[in-house]
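Shown next: input.txt, containing compact mmCIF, C-alpha atoms.
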# COMPACT_ATOMS: atom_id res chain seq x y z
CA MET M 1 0.00 0.00 0.00
CA LYS M 2 1.38 3.42 -0.98
CA ARG M 3 1.89 6.12 1.66
CA ALA M 4 -1.03 8.30 0.52
CA GLU M 5 -3.37 5.28 0.33
CA ARG M 6 -2.32 4.20 3.81
CA GLN M 7 -2.98 7.65 5.23
CA TYR M 8 -6.47 7.79 3.68
CA ALA M 9 -7.17 4.31 5.07
CA LEU M 10 -5.83 5.39 8.47
CA VAL M 11 -8.27 8.31 8.62
CA ASP M 12 -11.18 6.04 7.61
CA LEU M 13 -10.24 3.49 10.26
CA LEU M 14 -10.01 6.06 13.06
CA ARG M 15 -13.21 7.75 11.95
CA GLY M 16 -15.17 4.50 12.30
CA ALA M 17 -13.49 3.32 15.51
CA SER M 18 -15.39 3.25 18.81
CA ARG M 19 -12.19 3.47 20.90
CA PRO M 20 -8.59 4.66 20.41
CA TRP M 21 -6.07 2.66 18.40
CA SER M 22 -2.50 2.37 19.65
CA ALA M 23 0.41 2.95 17.28
CA ALA M 24 1.42 -0.70 17.69
CA ARG M 25 -2.05 -1.96 16.77
CA LEU M 26 -2.24 0.39 13.77
CA ALA M 27 1.21 -0.79 12.67
CA THR M 28 0.03 -4.41 12.74
CA GLU M 29 -3.14 -3.52 10.82
CA PHE M 30 -1.23 -1.81 8.00
CA GLY M 31 1.88 -4.00 8.02
CA VAL M 32 4.33 -1.20 8.82
CA SER M 33 6.38 -0.10 11.84
CA PRO M 34 4.92 1.99 14.71
CA ARG M 35 7.38 4.74 13.74
CA THR M 36 5.86 4.84 10.23
CA ILE M 37 2.38 5.19 11.76
CA GLU M 38 3.58 8.05 13.96
CA ARG M 39 5.05 9.82 10.91
CA ASP M 40 1.78 9.31 9.01
CA ILE M 41 -0.24 10.78 11.88
CA ALA M 42 2.13 13.74 12.20
CA SER M 43 1.76 14.43 8.46
CA LEU M 44 -2.03 14.27 8.70
CA GLN M 45 -2.07 16.59 11.69
CA VAL M 46 0.05 19.13 9.78
CA VAL M 47 -2.59 19.36 7.03
CA GLY M 48 -5.38 19.82 9.58
CA VAL M 49 -6.78 16.32 10.19
CA PRO M 50 -7.92 16.42 13.86
CA ILE M 51 -6.17 13.31 15.15
CA TYR M 52 -5.30 13.40 18.85
CA ALA M 53 -3.67 11.05 21.33
CA ASP M 54 -5.26 9.67 24.48
CA HIS M 55 -2.67 8.71 27.10
CA GLY M 56 -2.86 5.88 29.59
CA VAL M 57 -3.20 2.09 29.56
CA HIS M 58 -6.17 2.16 27.17
CA GLY M 59 -4.96 5.17 25.21
CA GLY M 60 -4.14 5.55 21.57
CA TYR M 61 -5.06 7.68 18.60
CA SER M 62 -8.57 8.99 17.89
CA ILE M 63 -10.14 11.47 15.51
CA LEU M 64 -12.65 14.20 16.41
CA SER M 65 -16.19 12.88 16.07
CA ASP M 66 -17.35 15.81 13.94
CA TYR M 67 -14.68 15.08 11.30
CA SER M 68 -16.83 12.95 9.02
CA LEU M 69 -18.19 12.52 5.54
CA PRO M 70 -21.82 13.29 4.62
CA PRO M 71 -24.21 10.44 5.51
CA LEU M 72 -24.22 7.61 3.01
CA ASN M 73 -27.58 7.34 1.27
CA LEU M 74 -28.30 3.71 2.13
CA SER M 75 -31.37 2.28 3.82
CA ALA M 76 -30.95 0.36 7.08
CA THR M 77 -31.39 -2.94 5.21
CA GLU M 78 -28.84 -1.94 2.58
CA SER M 79 -26.35 -0.90 5.26
CA LEU M 80 -26.89 -4.22 7.03
CA ALA M 81 -26.33 -6.15 3.78
CA VAL M 82 -23.10 -4.29 3.00
CA LEU M 83 -21.67 -4.61 6.52
CA ALA M 84 -22.67 -8.28 6.83
CA GLY M 85 -21.11 -9.02 3.43
CA LEU M 86 -17.87 -7.34 4.44
CA ALA M 87 -17.89 -9.26 7.72
CA LEU M 88 -17.96 -12.51 5.74
CA LEU M 89 -14.62 -11.48 4.21
CA GLU M 90 -12.99 -11.66 7.65
CA SER M 91 -11.89 -15.20 6.74
CA SER M 92 -10.66 -14.21 3.28
CA PRO M 93 -7.38 -12.89 1.85
CA TYR M 94 -9.00 -9.43 2.07
CA GLN M 95 -9.65 -9.43 5.81
CA ALA M 96 -7.78 -6.19 6.67
CA ALA M 97 -9.21 -4.34 3.66
CA ALA M 98 -12.69 -5.57 4.62
CA ARG M 99 -12.26 -4.29 8.19
CA ARG M 100 -11.23 -0.87 6.90
CA ALA M 101 -14.19 -0.80 4.49
CA ARG M 102 -16.55 -1.69 7.34
CA ALA M 103 -15.14 1.17 9.40
CA LYS M 104 -15.65 3.53 6.46
CA ILE M 105 -19.29 2.46 5.92
CA SER M 106 -20.03 2.57 9.65
CA SER M 107 -18.63 6.08 10.00
CA VAL M 108 -20.96 7.57 7.37
CA MET M 109 -24.11 5.55 8.10
CA LEU M 110 -27.24 7.54 8.93
CA GLU M 111 -27.45 7.95 12.71
CA ARG M 112 -31.01 6.62 12.94
CA HIS M 113 -29.88 3.37 11.27
CA ARG M 114 -26.86 2.79 13.50
CA GLU M 115 -28.52 1.13 16.51
CA PRO M 116 -30.83 -1.30 14.63
CA VAL M 117 -28.06 -2.28 12.19
CA ASN M 118 -25.49 -2.87 14.93
CA THR M 119 -28.05 -4.80 16.98
CA MET M 120 -28.78 -7.11 14.05
CA LEU M 121 -25.09 -7.58 13.26
CA GLY M 122 -24.58 -8.61 16.87
CA LYS M 123 -27.13 -11.39 16.36
CA MET M 124 -25.34 -12.88 13.32
CA ARG M 125 -22.62 -15.51 13.60
CA VAL M 126 -20.38 -17.29 11.12
CA VAL M 127 -19.10 -20.79 11.79
CA ASP M 128 -15.78 -21.08 9.97
CA ALA M 129 -14.89 -24.74 9.73
CA VAL M 130 -11.31 -24.05 8.64
CA ALA M 131 -9.06 -22.07 10.96
CA PRO M 132 -6.52 -19.86 9.21
CA LEU M 133 -2.83 -20.57 9.70
CA ASP M 134 -0.70 -18.32 11.86
CA GLY M 135 1.29 -16.02 9.61
CA SER M 136 -1.15 -16.37 6.72
CA VAL M 137 -0.55 -14.98 3.23
CA PRO M 138 0.20 -11.23 3.38
CA ILE M 139 -2.66 -8.95 2.46
CA GLY M 140 -2.95 -8.12 -1.20
CA MET M 141 -0.30 -10.51 -2.48
CA LEU M 142 -2.78 -12.88 -4.11
CA SER M 143 -4.65 -10.04 -5.81
CA ASP M 144 -1.41 -8.47 -7.01
CA ALA M 145 -0.23 -11.77 -8.47
CA ILE M 146 -3.51 -12.45 -10.26
CA THR M 147 -3.98 -8.98 -11.74
CA SER M 148 -0.36 -8.77 -12.90
CA ARG M 149 -0.32 -12.36 -14.28
CA ARG M 150 2.69 -13.31 -12.18
CA VAL M 151 4.01 -16.73 -11.30
CA VAL M 152 3.95 -17.39 -7.55
CA ARG M 153 6.05 -19.84 -5.57
CA ILE M 154 4.21 -21.34 -2.61
CA ASP M 155 4.94 -23.72 0.22
CA TYR M 156 1.77 -25.79 0.28
CA LEU M 157 0.91 -27.92 3.31
CA ALA M 158 -0.59 -31.37 2.95
CA ALA M 159 -4.25 -31.91 3.85
CA ASP M 160 -3.16 -33.14 7.29
CA ARG M 161 -1.61 -29.84 8.36
CA THR M 162 -0.51 -31.22 11.72
CA ALA M 163 1.99 -33.45 9.93
CA GLY M 164 3.89 -30.40 8.72
CA ILE M 165 4.54 -31.90 5.26
CA SER M 166 4.65 -29.38 2.42
CA THR M 167 5.62 -29.14 -1.24
CA VAL M 168 7.01 -26.19 -3.16
CA ARG M 169 4.89 -25.26 -6.17
CA ASP M 170 5.32 -22.69 -8.94
CA VAL M 171 1.82 -21.59 -9.94
CA GLU M 172 0.49 -19.31 -12.67
CA ALA M 173 -2.03 -17.38 -10.54
CA MET M 174 -5.37 -17.14 -12.34
CA GLU M 175 -8.39 -16.68 -10.04
CA LEU M 176 -9.68 -16.78 -6.47
CA LEU M 177 -12.50 -19.17 -5.59
CA ARG M 178 -14.76 -19.51 -2.56
CA ALA M 179 -15.63 -23.14 -1.87
CA GLY M 180 -17.63 -23.90 1.26
CA ASP M 181 -15.58 -22.55 4.17
CA SER M 182 -12.36 -22.11 2.19
CA TRP M 183 -10.77 -19.68 -0.24
CA LEU M 184 -8.74 -21.23 -3.03
CA LEU M 185 -6.12 -19.91 -5.41
CA ALA M 186 -6.82 -21.39 -8.84
CA GLY M 187 -3.95 -21.59 -11.28
CA TRP M 188 -1.71 -23.68 -13.49
CA CYS M 189 0.53 -25.81 -11.28
CA ARG M 190 3.84 -26.41 -13.03
CA LEU M 191 4.66 -29.34 -10.76
CA ARG M 192 1.49 -31.20 -11.78
CA ASP M 193 1.30 -29.61 -15.26
CA ALA M 194 -2.43 -28.99 -14.81
CA ILE M 195 -5.04 -26.65 -13.32
CA ARG M 196 -5.10 -26.95 -9.53
CA GLY M 197 -6.89 -25.25 -6.63
CA PHE M 198 -4.84 -24.39 -3.53
CA HIS M 199 -6.56 -23.78 -0.19
CA VAL M 200 -5.32 -20.38 0.97
CA GLU M 201 -5.20 -21.46 4.63
CA ARG M 202 -2.71 -24.19 3.63
CA ILE M 203 -0.29 -21.78 1.90
CA SER M 204 2.39 -21.23 4.55
CA ARG M 205 4.62 -19.05 2.35
CA LEU M 206 4.03 -17.15 -0.87
CA GLU M 207 6.57 -15.39 -3.09
CA ILE M 208 5.66 -13.40 -6.19
CA LEU M 209 8.28 -14.14 -8.84
CA ASP M 210 9.42 -11.69 -11.51
CA GLU M 211 8.10 -13.89 -14.33
CA VAL M 212 4.94 -12.71 -16.11
CA PHE M 213 3.28 -15.75 -17.65
CA THR M 214 1.51 -15.90 -21.01
CA PRO M 215 -2.22 -16.42 -20.39
CA ARG M 216 -3.40 -19.95 -21.06
CA ASP M 217 -6.60 -20.80 -22.89
CA PRO M 218 -9.46 -19.72 -20.55
CA ALA M 219 -11.31 -22.87 -21.57
CA LEU M 220 -8.87 -24.91 -19.47
CA LEU M 221 -10.00 -23.26 -16.25
CA GLU M 222 -13.66 -23.19 -17.30
CA ALA M 223 -13.54 -26.93 -18.06
CA ASP M 224 -12.01 -27.66 -14.66
CA LEU M 225 -14.60 -25.53 -12.84
CA ALA M 226 -17.48 -27.06 -14.80
CA ARG M 227 -17.57 -29.84 -12.20
CA TRP M 228 -19.14 -27.40 -9.71
CA PRO M 229 -21.80 -24.69 -9.92
CA THR M 230 -19.98 -21.35 -9.79
CA ARG M 231 -20.82 -17.70 -10.25
CA ARG M 232 -18.68 -14.62 -10.77
CA LEU M 233 -18.89 -11.61 -8.47
CA ALA M 234 -18.95 -9.20 -11.43
What does this structure look like when you write it as C-alpha cells?
Amino acid sequence: MKRAERQYALVDLLRGASRPWSAARLATEFGVSPRTIERDIASLQVVGVPIYADHGVHGGYSILSDYSLPPLNLSATESLAVLAGLALLESSPYQAAARRARAKISSVMLERHREPVNTMLGKMRVVDAVAPLDGSVPIGMLSDAITSRRVVRIDYLAADRTAGISTVRDVEAMELLRAGDSWLLAGWCRLRDAIRGFHVERISRLEILDEVFTPRDPALLEADLARWPTRRLA
C-alpha cells in the first residue's frame, strides 16, 4: 500500500473506531512499523486532520467525532447487507481491507440506522470450519499476483496440516474461488502440469516471482470448474 493510500485508510479506520487505536495496533493492521504510523499521523495533523492522542493504559489515537463525511444514502437494510457481506470477508485474503471498508461504511451511516443495524449484526454468527494458519498470506499478495499475471512460488501444506509436510509449487495465478468454508487460489501448477486449486489457509509461504506468464486458454480453467456450480462476483 502506498503512503497516501495508507494515510487515507488510516483516517477512515479512526473515523469509524469506537475506541482509540494504539500505534502498535495500527502498525500491525497496516503491516508497517509503529514509527511509520507516527510519521503518518504527524503528516495528517500538519494538514489539519484532527487526530489526537489519548494517554494511559487504554490510550491511543482517535479522531474528532465531527470530522466525518456526509451520511451515506443507504437504507438500514442496505447498510446491514453491505456490513454483513464485508464481515464474511474476515476469513478471506482481504480481511484487513474488509475491516477498513466496514469502518468507512459505519462512519458515514445515517445515525437513525446505526442502533438497529449494529443490533442485528450482533445477532449474526459465522461458523468457519477451517481455521486460518498463523502467519497467513500477506494482504494483497494474491490479488497483485492475479492482476499482474505473475508466477507465484508457494509452500503448500498437505491436507493433514498437523503433519507439517509441504511441497514447493510454482503456480500461474489465475483466479480466487470460494468453496464452502475455504478460499482457493486457482492456477496452473507447473509441478502437476495442470489446473489446480490451492486452499489459501494451507499456503504457509508465498513469493511473487518476476516472471509474467503468457495467459493460457481460458477454456482450461472453465472446463475444470465445470464440475461445480460457480458464479462470478462481477
For M:Gly85, which residue out of M:Glu5, M:Ala98, M:Phe198, M:Ala158 is the nearest one, using only C-alpha atoms?
-> M:Ala98
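In this comparison, which uses only C-alpha atoms, the residue of M:Ser79, M:Ser92, M:Ser18, M:Thr119 approaching M:Ile105 most closely is M:Ser79.
Each of M:Leu64, M:Arg99, M:Glu211, M:Glu115 was compared to M:Arg15 using only C-alpha atoms, and M:Leu64 turns out to be the nearest.
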Box dimensions and centre (Å, one decimal) enclosing stretch 93-102 of chain M, axis-aligned, 5 Å extra per side, as AutoDock Vina command-line options:
--center_x -12.0 --center_y -6.8 --center_z 5.0 --size_x 19.2 --size_y 22.1 --size_z 16.3
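The interatomic distance for the pair atom CA of M:Ala219 and atom CA of M:Met141 works out to 25.3 Å.
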By how many Å are atom CA of M:Asp170 and atom CA of M:Arg153 apart?
-> 4.5 Å
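Put simply, atom CA of M:Glu175 is 25.8 Å away from atom CA of M:Arg6.
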Which one is closest to M:Leu177: M:Arg102, M:Arg232, M:Lys123, M:Arg205? Count only C-alpha atoms.
-> M:Arg232
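Using only C-alpha atoms, the shortest contact distance between M:Arg114 and any of M:Ala76, M:Ala81, M:Val126, M:Val57 is found at M:Ala76.
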So which one's closest to M:Ser182, M:Leu83, M:Leu89, M:Leu10, M:Leu233? Using all atoms listed in the file, please.
-> M:Leu89
Long-range neighbours of stretch 30-41 of chain M as a PyMOL selection string, 10 Å cut-off, all atoms listed in the file, 3 positions minimum in chain = chain M and resi 1+3-4+6-11+22-27+44-46+49-52+61+96-97+138-139
